[in-house]
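Just query.txt here, compact mmCIF, N, CA and C atoms:
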# COMPACT_ATOMS: atom_id res chain seq x y z
N MET A 1498 -20.44 8.30 15.37
CA MET A 1498 -20.05 7.96 14.02
C MET A 1498 -21.09 7.08 13.37
N ASP A 1499 -21.45 7.37 12.12
CA ASP A 1499 -22.39 6.49 11.46
C ASP A 1499 -21.78 5.77 10.27
N GLU A 1500 -20.47 5.82 10.10
CA GLU A 1500 -19.82 5.12 9.00
C GLU A 1500 -18.68 4.26 9.52
N THR A 1501 -18.41 3.20 8.79
CA THR A 1501 -17.27 2.37 9.10
C THR A 1501 -16.00 3.16 8.79
N TRP A 1502 -14.97 2.97 9.62
CA TRP A 1502 -13.73 3.71 9.39
C TRP A 1502 -12.53 2.81 9.66
N ALA A 1503 -11.43 3.11 8.99
CA ALA A 1503 -10.20 2.32 9.13
C ALA A 1503 -9.15 3.13 9.88
N GLU A 1504 -8.41 2.43 10.72
CA GLU A 1504 -7.33 3.04 11.49
C GLU A 1504 -6.03 2.30 11.16
N GLU A 1505 -4.99 3.04 10.86
CA GLU A 1505 -3.70 2.41 10.62
C GLU A 1505 -3.07 1.99 11.94
N LEU A 1506 -2.47 0.80 11.95
CA LEU A 1506 -1.74 0.33 13.12
C LEU A 1506 -0.29 0.77 13.00
N ASP A 1507 0.32 1.19 14.10
CA ASP A 1507 1.74 1.50 14.06
C ASP A 1507 2.55 0.20 14.11
N LEU A 1508 3.84 0.31 13.90
CA LEU A 1508 4.70 -0.88 13.83
C LEU A 1508 4.63 -1.71 15.11
N ASP A 1509 4.63 -1.08 16.27
CA ASP A 1509 4.57 -1.82 17.53
C ASP A 1509 3.28 -2.63 17.64
N ALA A 1510 2.16 -2.07 17.23
CA ALA A 1510 0.89 -2.79 17.27
C ALA A 1510 0.89 -3.95 16.28
N CYS A 1511 1.48 -3.75 15.11
CA CYS A 1511 1.59 -4.83 14.12
C CYS A 1511 2.44 -5.98 14.67
N LEU A 1512 3.58 -5.64 15.26
CA LEU A 1512 4.46 -6.67 15.82
C LEU A 1512 3.79 -7.41 16.97
N ALA A 1513 3.03 -6.72 17.79
CA ALA A 1513 2.32 -7.37 18.90
C ALA A 1513 1.34 -8.40 18.36
N ARG A 1514 0.65 -8.08 17.29
CA ARG A 1514 -0.30 -9.04 16.70
C ARG A 1514 0.44 -10.20 16.06
N LEU A 1515 1.57 -9.92 15.40
CA LEU A 1515 2.37 -11.01 14.83
C LEU A 1515 2.90 -11.94 15.92
N ARG A 1516 3.29 -11.39 17.07
CA ARG A 1516 3.78 -12.20 18.19
C ARG A 1516 2.68 -13.11 18.74
N SER A 1517 1.46 -12.64 18.73
CA SER A 1517 0.38 -13.36 19.39
C SER A 1517 -0.31 -14.41 18.52
N HIS A 1518 0.11 -14.56 17.29
CA HIS A 1518 -0.48 -15.54 16.39
C HIS A 1518 0.57 -16.53 15.92
N ALA A 1519 0.12 -17.63 15.33
CA ALA A 1519 1.04 -18.65 14.85
C ALA A 1519 0.74 -19.12 13.43
N VAL A 1520 -0.38 -18.69 12.88
CA VAL A 1520 -0.78 -19.11 11.54
C VAL A 1520 -1.14 -17.89 10.72
N GLY A 1521 -0.69 -17.89 9.47
CA GLY A 1521 -1.03 -16.81 8.55
C GLY A 1521 -1.07 -17.35 7.14
N ARG A 1522 -1.11 -16.44 6.17
CA ARG A 1522 -1.15 -16.83 4.77
C ARG A 1522 0.03 -16.22 4.03
N LEU A 1523 0.71 -17.05 3.27
CA LEU A 1523 1.85 -16.62 2.47
C LEU A 1523 1.40 -16.48 1.03
N ALA A 1524 1.57 -15.30 0.47
CA ALA A 1524 1.21 -15.04 -0.93
C ALA A 1524 2.47 -15.03 -1.76
N VAL A 1525 2.48 -15.88 -2.80
CA VAL A 1525 3.64 -16.02 -3.66
C VAL A 1525 3.17 -16.10 -5.11
N THR A 1526 4.11 -16.03 -6.02
CA THR A 1526 3.82 -16.25 -7.43
C THR A 1526 4.43 -17.59 -7.82
N ALA A 1527 3.59 -18.47 -8.34
CA ALA A 1527 4.06 -19.79 -8.77
C ALA A 1527 3.53 -20.04 -10.18
N ALA A 1528 4.42 -20.39 -11.08
CA ALA A 1528 4.04 -20.62 -12.48
C ALA A 1528 3.28 -19.43 -13.05
N GLU A 1529 3.77 -18.24 -12.76
CA GLU A 1529 3.27 -16.96 -13.26
C GLU A 1529 1.92 -16.53 -12.70
N TYR A 1530 1.39 -17.25 -11.71
CA TYR A 1530 0.12 -16.89 -11.12
C TYR A 1530 0.25 -16.76 -9.62
N PRO A 1531 -0.53 -15.85 -9.02
CA PRO A 1531 -0.47 -15.74 -7.56
C PRO A 1531 -1.14 -16.94 -6.90
N ILE A 1532 -0.61 -17.31 -5.74
CA ILE A 1532 -1.17 -18.38 -4.93
C ILE A 1532 -1.01 -17.98 -3.47
N VAL A 1533 -1.98 -18.30 -2.65
CA VAL A 1533 -1.95 -17.98 -1.23
C VAL A 1533 -2.07 -19.29 -0.46
N LEU A 1534 -1.10 -19.50 0.45
CA LEU A 1534 -1.03 -20.76 1.18
C LEU A 1534 -1.00 -20.52 2.68
N PRO A 1535 -1.75 -21.31 3.45
CA PRO A 1535 -1.65 -21.17 4.90
C PRO A 1535 -0.33 -21.74 5.40
N VAL A 1536 0.28 -21.04 6.34
CA VAL A 1536 1.54 -21.50 6.95
C VAL A 1536 1.52 -21.14 8.43
N ASN A 1537 2.21 -21.94 9.23
CA ASN A 1537 2.44 -21.49 10.59
C ASN A 1537 3.84 -20.89 10.64
N TYR A 1538 4.05 -20.00 11.59
CA TYR A 1538 5.26 -19.19 11.61
C TYR A 1538 5.62 -18.83 13.03
N ARG A 1539 6.78 -18.24 13.17
CA ARG A 1539 7.17 -17.63 14.44
C ARG A 1539 7.87 -16.31 14.12
N LEU A 1540 7.54 -15.29 14.88
CA LEU A 1540 8.21 -14.00 14.73
C LEU A 1540 9.57 -14.09 15.38
N VAL A 1541 10.60 -13.70 14.65
CA VAL A 1541 11.98 -13.73 15.14
C VAL A 1541 12.43 -12.29 15.33
N GLU A 1542 12.78 -11.94 16.56
CA GLU A 1542 13.29 -10.60 16.85
C GLU A 1542 14.60 -10.78 17.60
N SER A 1543 15.70 -10.44 16.92
CA SER A 1543 17.01 -10.67 17.51
C SER A 1543 17.96 -9.58 17.06
N LEU A 1544 18.60 -8.94 18.01
CA LEU A 1544 19.62 -7.92 17.74
C LEU A 1544 19.11 -6.84 16.79
N GLY A 1545 17.88 -6.39 17.02
CA GLY A 1545 17.32 -5.32 16.21
C GLY A 1545 16.83 -5.73 14.84
N VAL A 1546 16.81 -7.03 14.55
CA VAL A 1546 16.36 -7.52 13.26
C VAL A 1546 15.06 -8.29 13.47
N THR A 1547 14.12 -8.13 12.54
CA THR A 1547 12.83 -8.83 12.62
C THR A 1547 12.65 -9.68 11.38
N TRP A 1548 12.29 -10.96 11.59
CA TRP A 1548 11.97 -11.88 10.50
C TRP A 1548 10.75 -12.69 10.89
N LEU A 1549 10.17 -13.35 9.90
CA LEU A 1549 9.18 -14.39 10.15
C LEU A 1549 9.82 -15.70 9.73
N ALA A 1550 9.88 -16.67 10.65
CA ALA A 1550 10.49 -17.97 10.36
C ALA A 1550 9.39 -18.98 10.07
N LEU A 1551 9.62 -19.84 9.09
CA LEU A 1551 8.69 -20.93 8.79
C LEU A 1551 9.46 -22.12 8.26
N ARG A 1552 8.82 -23.27 8.33
CA ARG A 1552 9.43 -24.50 7.82
C ARG A 1552 8.48 -25.13 6.80
N THR A 1553 9.07 -25.79 5.82
CA THR A 1553 8.27 -26.44 4.80
C THR A 1553 9.02 -27.67 4.28
N ARG A 1554 8.40 -28.41 3.39
CA ARG A 1554 9.06 -29.57 2.78
C ARG A 1554 10.00 -29.08 1.69
N PRO A 1555 11.20 -29.63 1.64
CA PRO A 1555 12.12 -29.26 0.57
C PRO A 1555 11.50 -29.57 -0.80
N GLY A 1556 11.62 -28.60 -1.70
CA GLY A 1556 11.16 -28.79 -3.07
C GLY A 1556 9.69 -28.50 -3.31
N ASN A 1557 8.91 -28.19 -2.27
CA ASN A 1557 7.49 -27.91 -2.52
C ASN A 1557 7.32 -26.49 -3.07
N VAL A 1558 6.07 -26.07 -3.25
CA VAL A 1558 5.78 -24.77 -3.86
C VAL A 1558 6.47 -23.63 -3.12
N ILE A 1559 6.36 -23.62 -1.78
CA ILE A 1559 6.94 -22.53 -1.01
C ILE A 1559 8.45 -22.50 -1.14
N ASP A 1560 9.08 -23.66 -1.15
CA ASP A 1560 10.54 -23.74 -1.24
C ASP A 1560 11.05 -23.32 -2.62
N GLN A 1561 10.20 -23.33 -3.64
CA GLN A 1561 10.64 -23.03 -5.00
C GLN A 1561 10.19 -21.68 -5.52
N VAL A 1562 9.47 -20.90 -4.72
CA VAL A 1562 8.90 -19.65 -5.24
C VAL A 1562 9.97 -18.58 -5.43
N PRO A 1563 9.68 -17.63 -6.32
CA PRO A 1563 10.55 -16.46 -6.40
C PRO A 1563 10.56 -15.77 -5.04
N ARG A 1564 11.57 -15.03 -4.77
CA ARG A 1564 11.81 -14.54 -3.42
C ARG A 1564 10.94 -13.39 -2.92
N PRO A 1565 10.36 -12.49 -3.74
CA PRO A 1565 9.46 -11.48 -3.15
C PRO A 1565 8.15 -12.16 -2.74
N VAL A 1566 7.71 -11.93 -1.50
CA VAL A 1566 6.49 -12.54 -1.00
C VAL A 1566 5.71 -11.54 -0.16
N ALA A 1567 4.47 -11.91 0.13
CA ALA A 1567 3.65 -11.16 1.08
C ALA A 1567 3.08 -12.17 2.07
N PHE A 1568 2.86 -11.72 3.29
CA PHE A 1568 2.35 -12.57 4.36
C PHE A 1568 1.31 -11.77 5.11
N GLU A 1569 0.19 -12.43 5.48
CA GLU A 1569 -0.87 -11.71 6.17
C GLU A 1569 -1.46 -12.55 7.30
N ILE A 1570 -1.78 -11.84 8.40
CA ILE A 1570 -2.63 -12.40 9.44
C ILE A 1570 -3.79 -11.43 9.61
N ASP A 1571 -4.93 -11.94 10.06
CA ASP A 1571 -6.07 -11.07 10.26
C ASP A 1571 -7.08 -11.73 11.19
N ASP A 1572 -8.10 -10.99 11.52
CA ASP A 1572 -9.20 -11.51 12.30
C ASP A 1572 -10.43 -10.68 11.98
N ILE A 1573 -11.59 -11.34 12.03
CA ILE A 1573 -12.85 -10.69 11.71
C ILE A 1573 -13.82 -10.92 12.86
N ASP A 1574 -14.56 -9.89 13.22
CA ASP A 1574 -15.60 -9.99 14.24
C ASP A 1574 -16.93 -9.69 13.55
N PRO A 1575 -17.60 -10.74 13.04
CA PRO A 1575 -18.85 -10.50 12.31
C PRO A 1575 -19.94 -9.88 13.17
N GLY A 1576 -19.94 -10.19 14.46
CA GLY A 1576 -20.97 -9.65 15.33
C GLY A 1576 -20.89 -8.14 15.48
N GLN A 1577 -19.67 -7.61 15.50
CA GLN A 1577 -19.48 -6.17 15.65
C GLN A 1577 -19.09 -5.48 14.34
N HIS A 1578 -19.03 -6.26 13.27
CA HIS A 1578 -18.66 -5.74 11.95
C HIS A 1578 -17.30 -5.05 11.98
N GLY A 1579 -16.35 -5.67 12.67
CA GLY A 1579 -15.00 -5.14 12.76
C GLY A 1579 -14.00 -6.15 12.27
N ALA A 1580 -12.81 -5.70 12.01
CA ALA A 1580 -11.75 -6.59 11.53
C ALA A 1580 -10.41 -5.90 11.67
N TRP A 1581 -9.34 -6.68 11.59
CA TRP A 1581 -8.00 -6.12 11.53
C TRP A 1581 -7.14 -6.99 10.63
N SER A 1582 -6.06 -6.42 10.16
CA SER A 1582 -5.16 -7.14 9.25
C SER A 1582 -3.75 -6.59 9.42
N VAL A 1583 -2.75 -7.49 9.37
CA VAL A 1583 -1.35 -7.10 9.34
C VAL A 1583 -0.74 -7.71 8.09
N LEU A 1584 -0.05 -6.89 7.31
CA LEU A 1584 0.57 -7.32 6.06
C LEU A 1584 2.08 -7.14 6.16
N VAL A 1585 2.80 -8.21 5.85
CA VAL A 1585 4.26 -8.16 5.82
C VAL A 1585 4.68 -8.41 4.37
N ARG A 1586 5.45 -7.50 3.82
CA ARG A 1586 6.00 -7.70 2.47
C ARG A 1586 7.51 -7.78 2.62
N GLY A 1587 8.10 -8.75 1.90
CA GLY A 1587 9.53 -8.91 2.05
C GLY A 1587 10.12 -9.93 1.11
N THR A 1588 11.31 -10.38 1.48
CA THR A 1588 12.08 -11.32 0.68
C THR A 1588 12.19 -12.63 1.43
N LEU A 1589 11.90 -13.73 0.74
CA LEU A 1589 11.99 -15.06 1.31
C LEU A 1589 13.40 -15.59 1.11
N ALA A 1590 14.00 -16.13 2.15
CA ALA A 1590 15.37 -16.65 2.06
C ALA A 1590 15.49 -17.94 2.86
N ARG A 1591 16.36 -18.82 2.39
CA ARG A 1591 16.66 -20.05 3.14
C ARG A 1591 17.57 -19.73 4.31
N VAL A 1592 17.45 -20.54 5.36
CA VAL A 1592 18.26 -20.36 6.56
C VAL A 1592 18.84 -21.71 6.94
N ASP A 1593 20.08 -21.69 7.39
CA ASP A 1593 20.69 -22.89 7.97
C ASP A 1593 20.21 -22.97 9.41
N PRO A 1594 19.38 -23.97 9.75
CA PRO A 1594 18.82 -24.02 11.10
C PRO A 1594 19.87 -24.24 12.19
N GLU A 1595 21.07 -24.66 11.82
CA GLU A 1595 22.12 -24.86 12.81
C GLU A 1595 22.90 -23.58 13.09
N ALA A 1596 22.74 -22.58 12.24
CA ALA A 1596 23.48 -21.33 12.40
C ALA A 1596 23.00 -20.58 13.64
N ALA A 1597 23.91 -20.26 14.53
CA ALA A 1597 23.65 -19.43 15.72
C ALA A 1597 22.47 -19.93 16.55
N GLY A 1598 22.28 -21.25 16.61
CA GLY A 1598 21.21 -21.80 17.43
C GLY A 1598 19.81 -21.46 16.93
N PHE A 1599 19.69 -21.20 15.64
CA PHE A 1599 18.40 -20.79 15.08
C PHE A 1599 17.31 -21.80 15.40
N ARG A 1600 17.60 -23.09 15.21
CA ARG A 1600 16.61 -24.15 15.42
C ARG A 1600 16.04 -24.11 16.84
N GLU A 1601 16.89 -23.99 17.83
CA GLU A 1601 16.44 -24.01 19.22
C GLU A 1601 15.65 -22.77 19.60
N ARG A 1602 16.03 -21.63 19.06
CA ARG A 1602 15.38 -20.38 19.47
C ARG A 1602 14.15 -20.01 18.66
N PHE A 1603 14.11 -20.41 17.39
CA PHE A 1603 13.06 -19.87 16.51
C PHE A 1603 12.28 -20.91 15.74
N ASP A 1604 12.26 -22.15 16.20
CA ASP A 1604 11.53 -23.20 15.51
C ASP A 1604 10.03 -22.89 15.53
N PRO A 1605 9.40 -22.72 14.35
CA PRO A 1605 7.97 -22.44 14.33
C PRO A 1605 7.10 -23.67 14.59
N HIS A 1606 7.68 -24.83 14.82
CA HIS A 1606 6.94 -26.05 15.13
C HIS A 1606 5.75 -26.25 14.19
N PRO A 1607 6.02 -26.66 12.95
CA PRO A 1607 4.91 -26.85 12.00
C PRO A 1607 3.93 -27.90 12.50
N TRP A 1608 2.68 -27.71 12.16
CA TRP A 1608 1.64 -28.64 12.60
C TRP A 1608 1.86 -30.02 12.01
N LEU A 1609 2.35 -30.07 10.80
CA LEU A 1609 2.70 -31.33 10.15
C LEU A 1609 4.22 -31.35 10.03
N ALA A 1610 4.88 -31.80 11.06
CA ALA A 1610 6.33 -31.66 11.14
C ALA A 1610 7.10 -32.62 10.24
N ALA A 1611 6.48 -33.73 9.84
CA ALA A 1611 7.19 -34.72 9.04
C ALA A 1611 7.75 -34.10 7.77
N GLU A 1612 9.03 -34.28 7.57
CA GLU A 1612 9.74 -33.84 6.36
C GLU A 1612 9.76 -32.33 6.16
N ARG A 1613 9.47 -31.54 7.18
CA ARG A 1613 9.53 -30.08 7.04
C ARG A 1613 10.95 -29.63 7.37
N ASP A 1614 11.88 -29.92 6.45
CA ASP A 1614 13.29 -29.66 6.70
C ASP A 1614 13.84 -28.46 5.94
N ALA A 1615 13.01 -27.76 5.21
CA ALA A 1615 13.44 -26.52 4.55
C ALA A 1615 13.06 -25.37 5.48
N TRP A 1616 14.07 -24.67 5.97
CA TRP A 1616 13.86 -23.55 6.89
C TRP A 1616 13.98 -22.25 6.11
N LEU A 1617 12.97 -21.40 6.25
CA LEU A 1617 12.91 -20.15 5.50
C LEU A 1617 12.60 -19.00 6.45
N VAL A 1618 13.01 -17.82 6.06
CA VAL A 1618 12.62 -16.60 6.77
C VAL A 1618 12.17 -15.57 5.75
N ILE A 1619 11.24 -14.76 6.19
CA ILE A 1619 10.85 -13.58 5.42
C ILE A 1619 11.55 -12.40 6.07
N GLU A 1620 12.37 -11.72 5.29
CA GLU A 1620 13.01 -10.50 5.77
C GLU A 1620 12.15 -9.34 5.28
N PRO A 1621 11.40 -8.70 6.18
CA PRO A 1621 10.44 -7.68 5.77
C PRO A 1621 11.11 -6.39 5.30
N PHE A 1622 10.50 -5.78 4.29
CA PHE A 1622 10.84 -4.39 3.97
C PHE A 1622 9.67 -3.49 4.32
N SER A 1623 8.51 -4.11 4.64
CA SER A 1623 7.33 -3.34 5.02
C SER A 1623 6.44 -4.18 5.93
N ILE A 1624 6.03 -3.60 7.05
CA ILE A 1624 5.05 -4.22 7.95
C ILE A 1624 3.99 -3.16 8.24
N THR A 1625 2.78 -3.41 7.78
CA THR A 1625 1.69 -2.45 7.94
C THR A 1625 0.46 -3.16 8.47
N GLY A 1626 -0.45 -2.38 9.03
CA GLY A 1626 -1.68 -2.97 9.53
C GLY A 1626 -2.80 -1.97 9.59
N ARG A 1627 -4.01 -2.50 9.65
CA ARG A 1627 -5.20 -1.66 9.73
C ARG A 1627 -6.23 -2.34 10.61
N VAL A 1628 -7.04 -1.53 11.25
CA VAL A 1628 -8.20 -2.00 12.00
C VAL A 1628 -9.42 -1.35 11.37
N LEU A 1629 -10.41 -2.17 11.07
CA LEU A 1629 -11.67 -1.66 10.54
C LEU A 1629 -12.66 -1.58 11.69
N HIS A 1630 -13.12 -0.38 11.98
CA HIS A 1630 -14.07 -0.15 13.07
C HIS A 1630 -15.46 0.01 12.48
N SER A 1631 -16.43 -0.60 13.13
CA SER A 1631 -17.82 -0.44 12.69
C SER A 1631 -18.38 0.86 13.25
N PRO A 1632 -19.46 1.33 12.67
CA PRO A 1632 -20.07 2.54 13.21
C PRO A 1632 -20.58 2.28 14.63
N ASP A 1633 -20.65 3.34 15.41
CA ASP A 1633 -21.22 3.20 16.75
C ASP A 1633 -22.66 2.75 16.63
N ASP A 1634 -23.01 1.74 17.39
CA ASP A 1634 -24.35 1.18 17.34
C ASP A 1634 -25.07 1.54 18.64
N PRO A 1635 -26.27 2.10 18.57
CA PRO A 1635 -26.95 2.47 19.80
C PRO A 1635 -27.27 1.26 20.69
N TRP A 1636 -27.38 0.08 20.12
CA TRP A 1636 -27.64 -1.13 20.89
C TRP A 1636 -26.47 -2.08 20.64
N ALA A 1637 -25.46 -1.97 21.49
CA ALA A 1637 -24.22 -2.73 21.29
C ALA A 1637 -24.38 -4.15 21.80
N TYR A 1638 -25.02 -4.98 21.02
CA TYR A 1638 -25.23 -6.39 21.37
C TYR A 1638 -24.10 -7.23 20.78
N HIS A 1639 -23.62 -8.16 21.55
CA HIS A 1639 -22.66 -9.13 21.03
C HIS A 1639 -22.97 -10.47 21.69
N GLU A 1640 -23.11 -11.51 20.86
CA GLU A 1640 -23.52 -12.81 21.38
C GLU A 1640 -22.56 -13.37 22.44
N ARG A 1641 -21.27 -13.03 22.40
CA ARG A 1641 -20.32 -13.53 23.38
C ARG A 1641 -20.60 -13.00 24.80
N ALA A 1642 -21.32 -11.92 24.91
CA ALA A 1642 -21.64 -11.37 26.23
C ALA A 1642 -22.63 -12.26 26.98
N TYR A 1643 -23.28 -13.14 26.26
CA TYR A 1643 -24.31 -13.98 26.88
C TYR A 1643 -23.90 -15.44 26.96
N LEU A 1644 -22.68 -15.78 26.62
CA LEU A 1644 -22.23 -17.17 26.65
C LEU A 1644 -21.50 -17.48 27.92
Using the file provided, produce a representation of the structure as C-alpha cells.
Amino acid sequence: MDETWAEELDLDACLARLRSHAVGRLAVTAAEYPIVLPVNYRLVESLGVTWLALRTRPGNVIDQVPRPVAFEIDDIDPGQHGAWSVLVRGTLARVDPEAAGFRERFDPHPWLAAERDAWLVIEPFSITGRVLHSPDDPWAYHERAYL
C-alpha cells in the first residue's frame, strides 16, 4: 500500500479502548458556542447498558450544558504516522450516586476530587471509531525499538 487508509472499528473494539483509558474530551455547546473540555471518566457496563460516568463541580460549565454531547478519546503515533479515535455521541444526565451503589461501583475518581459532587453519565446513542493506518514503509523504523 502506498496511501494512508482508515479502518472502522467495530463496537467491541471501541468499548475495549474506552475501558483501557481514563481521560477524554467532552464536547458541549455553552453560550451558543462549542467548547471541548478534558475530563476523566469510567466506562459503566451493567445489565446490558453502557454509559460513561464522570464527576464535576456543581454549577460549572459541564453541569450546566445542554444535554446532547460528544466525547472522544484518541491516540497518535507520529513515528509511524498512525492514529485512532473513538467517538461517543449521546445525552448527558445527572445521576444520584447513592442509587444502586453507583458511587462504589462506578466512581471515575477525578484527578481533582475536591468539590466534584455533580455526578453525570453520558447515555450513548452512537459509539464509533476509526484507525488511521500509514502506508507500508520499506524501512519500518520506530524510535521505541531502540529505547
With all atoms listed in the file as the atoms that count, which of A:Ala1519, A:Gly1587, A:Trp1581, A:Glu1595 lies nearest to His1630 in chain A? A:Trp1581
Pick out each residue of range 1522-1571 of chain A that DSSP on the backbone tags as helix (DSSP H, G or I); I need them as a PDB file with N, CA and C atoms, in the frame of the given file.
ATOM      1  N   VAL A1558       6.070 -26.070  -3.250  1.00  0.00           N
ATOM      2  CA  VAL A1558       5.780 -24.770  -3.860  1.00  0.00           C
ATOM      3  C   VAL A1558       6.470 -23.630  -3.120  1.00  0.00           C
ATOM      4  N   ILE A1559       6.360 -23.620  -1.780  1.00  0.00           N
ATOM      5  CA  ILE A1559       6.940 -22.530  -1.010  1.00  0.00           C
ATOM      6  C   ILE A1559       8.450 -22.500  -1.140  1.00  0.00           C
ATOM      7  N   ASP A1560       9.080 -23.660  -1.150  1.00  0.00           N
ATOM      8  CA  ASP A1560      10.540 -23.740  -1.240  1.00  0.00           C
ATOM      9  C   ASP A1560      11.050 -23.320  -2.620  1.00  0.00           C
ATOM     10  N   GLN A1561      10.200 -23.330  -3.640  1.00  0.00           N
ATOM     11  CA  GLN A1561      10.640 -23.030  -5.000  1.00  0.00           C
ATOM     12  C   GLN A1561      10.190 -21.680  -5.520  1.00  0.00           C
TER      13      GLN A1561
END
Selected residue of minimal separation from Arg1516 in chain A among A:Tyr1530, A:Val1585, A:Arg1539, A:Val1558, counting all atoms listed in the file: A:Arg1539
Surrounding residues of Gly1579 in chain A excluding itself and chain neighbours under 3 positions, 9 Å, only C-alpha atoms, as an mmCIF file with N, CA and C atoms, in the frame of the given file:
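Result file follows (result.cif):
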data_model
loop_
_atom_site.group_PDB
_atom_site.id
_atom_site.type_symbol
_atom_site.label_atom_id
_atom_site.label_comp_id
_atom_site.auth_asym_id
_atom_site.auth_seq_id
_atom_site.Cartn_x
_atom_site.Cartn_y
_atom_site.Cartn_z
ATOM 1 N N THR A 1501 -18.410 3.200 8.790
ATOM 2 C CA THR A 1501 -17.270 2.370 9.100
ATOM 3 C C THR A 1501 -16.000 3.160 8.790
ATOM 4 N N ASP A 1572 -8.100 -10.990 11.520
ATOM 5 C CA ASP A 1572 -9.200 -11.510 12.300
ATOM 6 C C ASP A 1572 -10.430 -10.680 11.980
ATOM 7 N N ILE A 1573 -11.590 -11.340 12.030
ATOM 8 C CA ILE A 1573 -12.850 -10.690 11.710
ATOM 9 C C ILE A 1573 -13.820 -10.920 12.860
ATOM 10 N N ASP A 1574 -14.560 -9.890 13.220
ATOM 11 C CA ASP A 1574 -15.600 -9.990 14.240
ATOM 12 C C ASP A 1574 -16.930 -9.690 13.550
ATOM 13 N N PRO A 1575 -17.600 -10.740 13.040
ATOM 14 C CA PRO A 1575 -18.850 -10.500 12.310
ATOM 15 C C PRO A 1575 -19.940 -9.880 13.170
ATOM 16 N N GLY A 1576 -19.940 -10.190 14.460
ATOM 17 C CA GLY A 1576 -20.970 -9.650 15.330
ATOM 18 C C GLY A 1576 -20.890 -8.140 15.480
ATOM 19 N N VAL A 1628 -7.040 -1.530 11.250
ATOM 20 C CA VAL A 1628 -8.200 -2.000 12.000
ATOM 21 C C VAL A 1628 -9.420 -1.350 11.370
ATOM 22 N N LEU A 1629 -10.410 -2.170 11.070
ATOM 23 C CA LEU A 1629 -11.670 -1.660 10.540
ATOM 24 C C LEU A 1629 -12.660 -1.580 11.690
ATOM 25 N N HIS A 1630 -13.120 -0.380 11.980
ATOM 26 C CA HIS A 1630 -14.070 -0.150 13.070
ATOM 27 C C HIS A 1630 -15.460 0.010 12.480
ATOM 28 N N SER A 1631 -16.430 -0.600 13.130
ATOM 29 C CA SER A 1631 -17.820 -0.440 12.690
ATOM 30 C C SER A 1631 -18.380 0.860 13.250
#
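Atom pair atom N of Leu1506 in chain A / atom C of Val1583 in chain A: separated by 9.5 Å.
Using only C-alpha atoms, the smallest distance between any of A:Gln1561, A:Ser1582, A:Ala1615, A:Glu1529 and Glu1504 in chain A comes from A:Ser1582.
Between atom C of Ala1503 in chain A and atom C of Leu1534 in chain A there is a distance of 26.0 Å.
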Put a box with edges along x, y and z around all the listed atoms of range 1618-1629 of chain A, pad it by 6 Å on each side, then give me its centre and sizes in Å, one decimal, as JSON.
{"center_x": 0.2, "center_y": -9.6, "center_z": 8.0, "size_x": 37.7, "size_y": 28.5, "size_z": 20.0}
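The strand (DSSP E or B) portion of range 1537-1576 of chain A consists of Asn1537, Arg1539, Leu1540, Val1541, Glu1542, Ser1543, Val1546, Thr1547, Trp1548, Leu1549, Ala1550, Leu1551, Arg1552, Thr1553, Pro1565, Val1566, Ala1567, Phe1568, Glu1569, Ile1570, Asp1571, Asp1572, Ile1573 and Asp1574 of chain A, with states taken from DSSP on the backbone.
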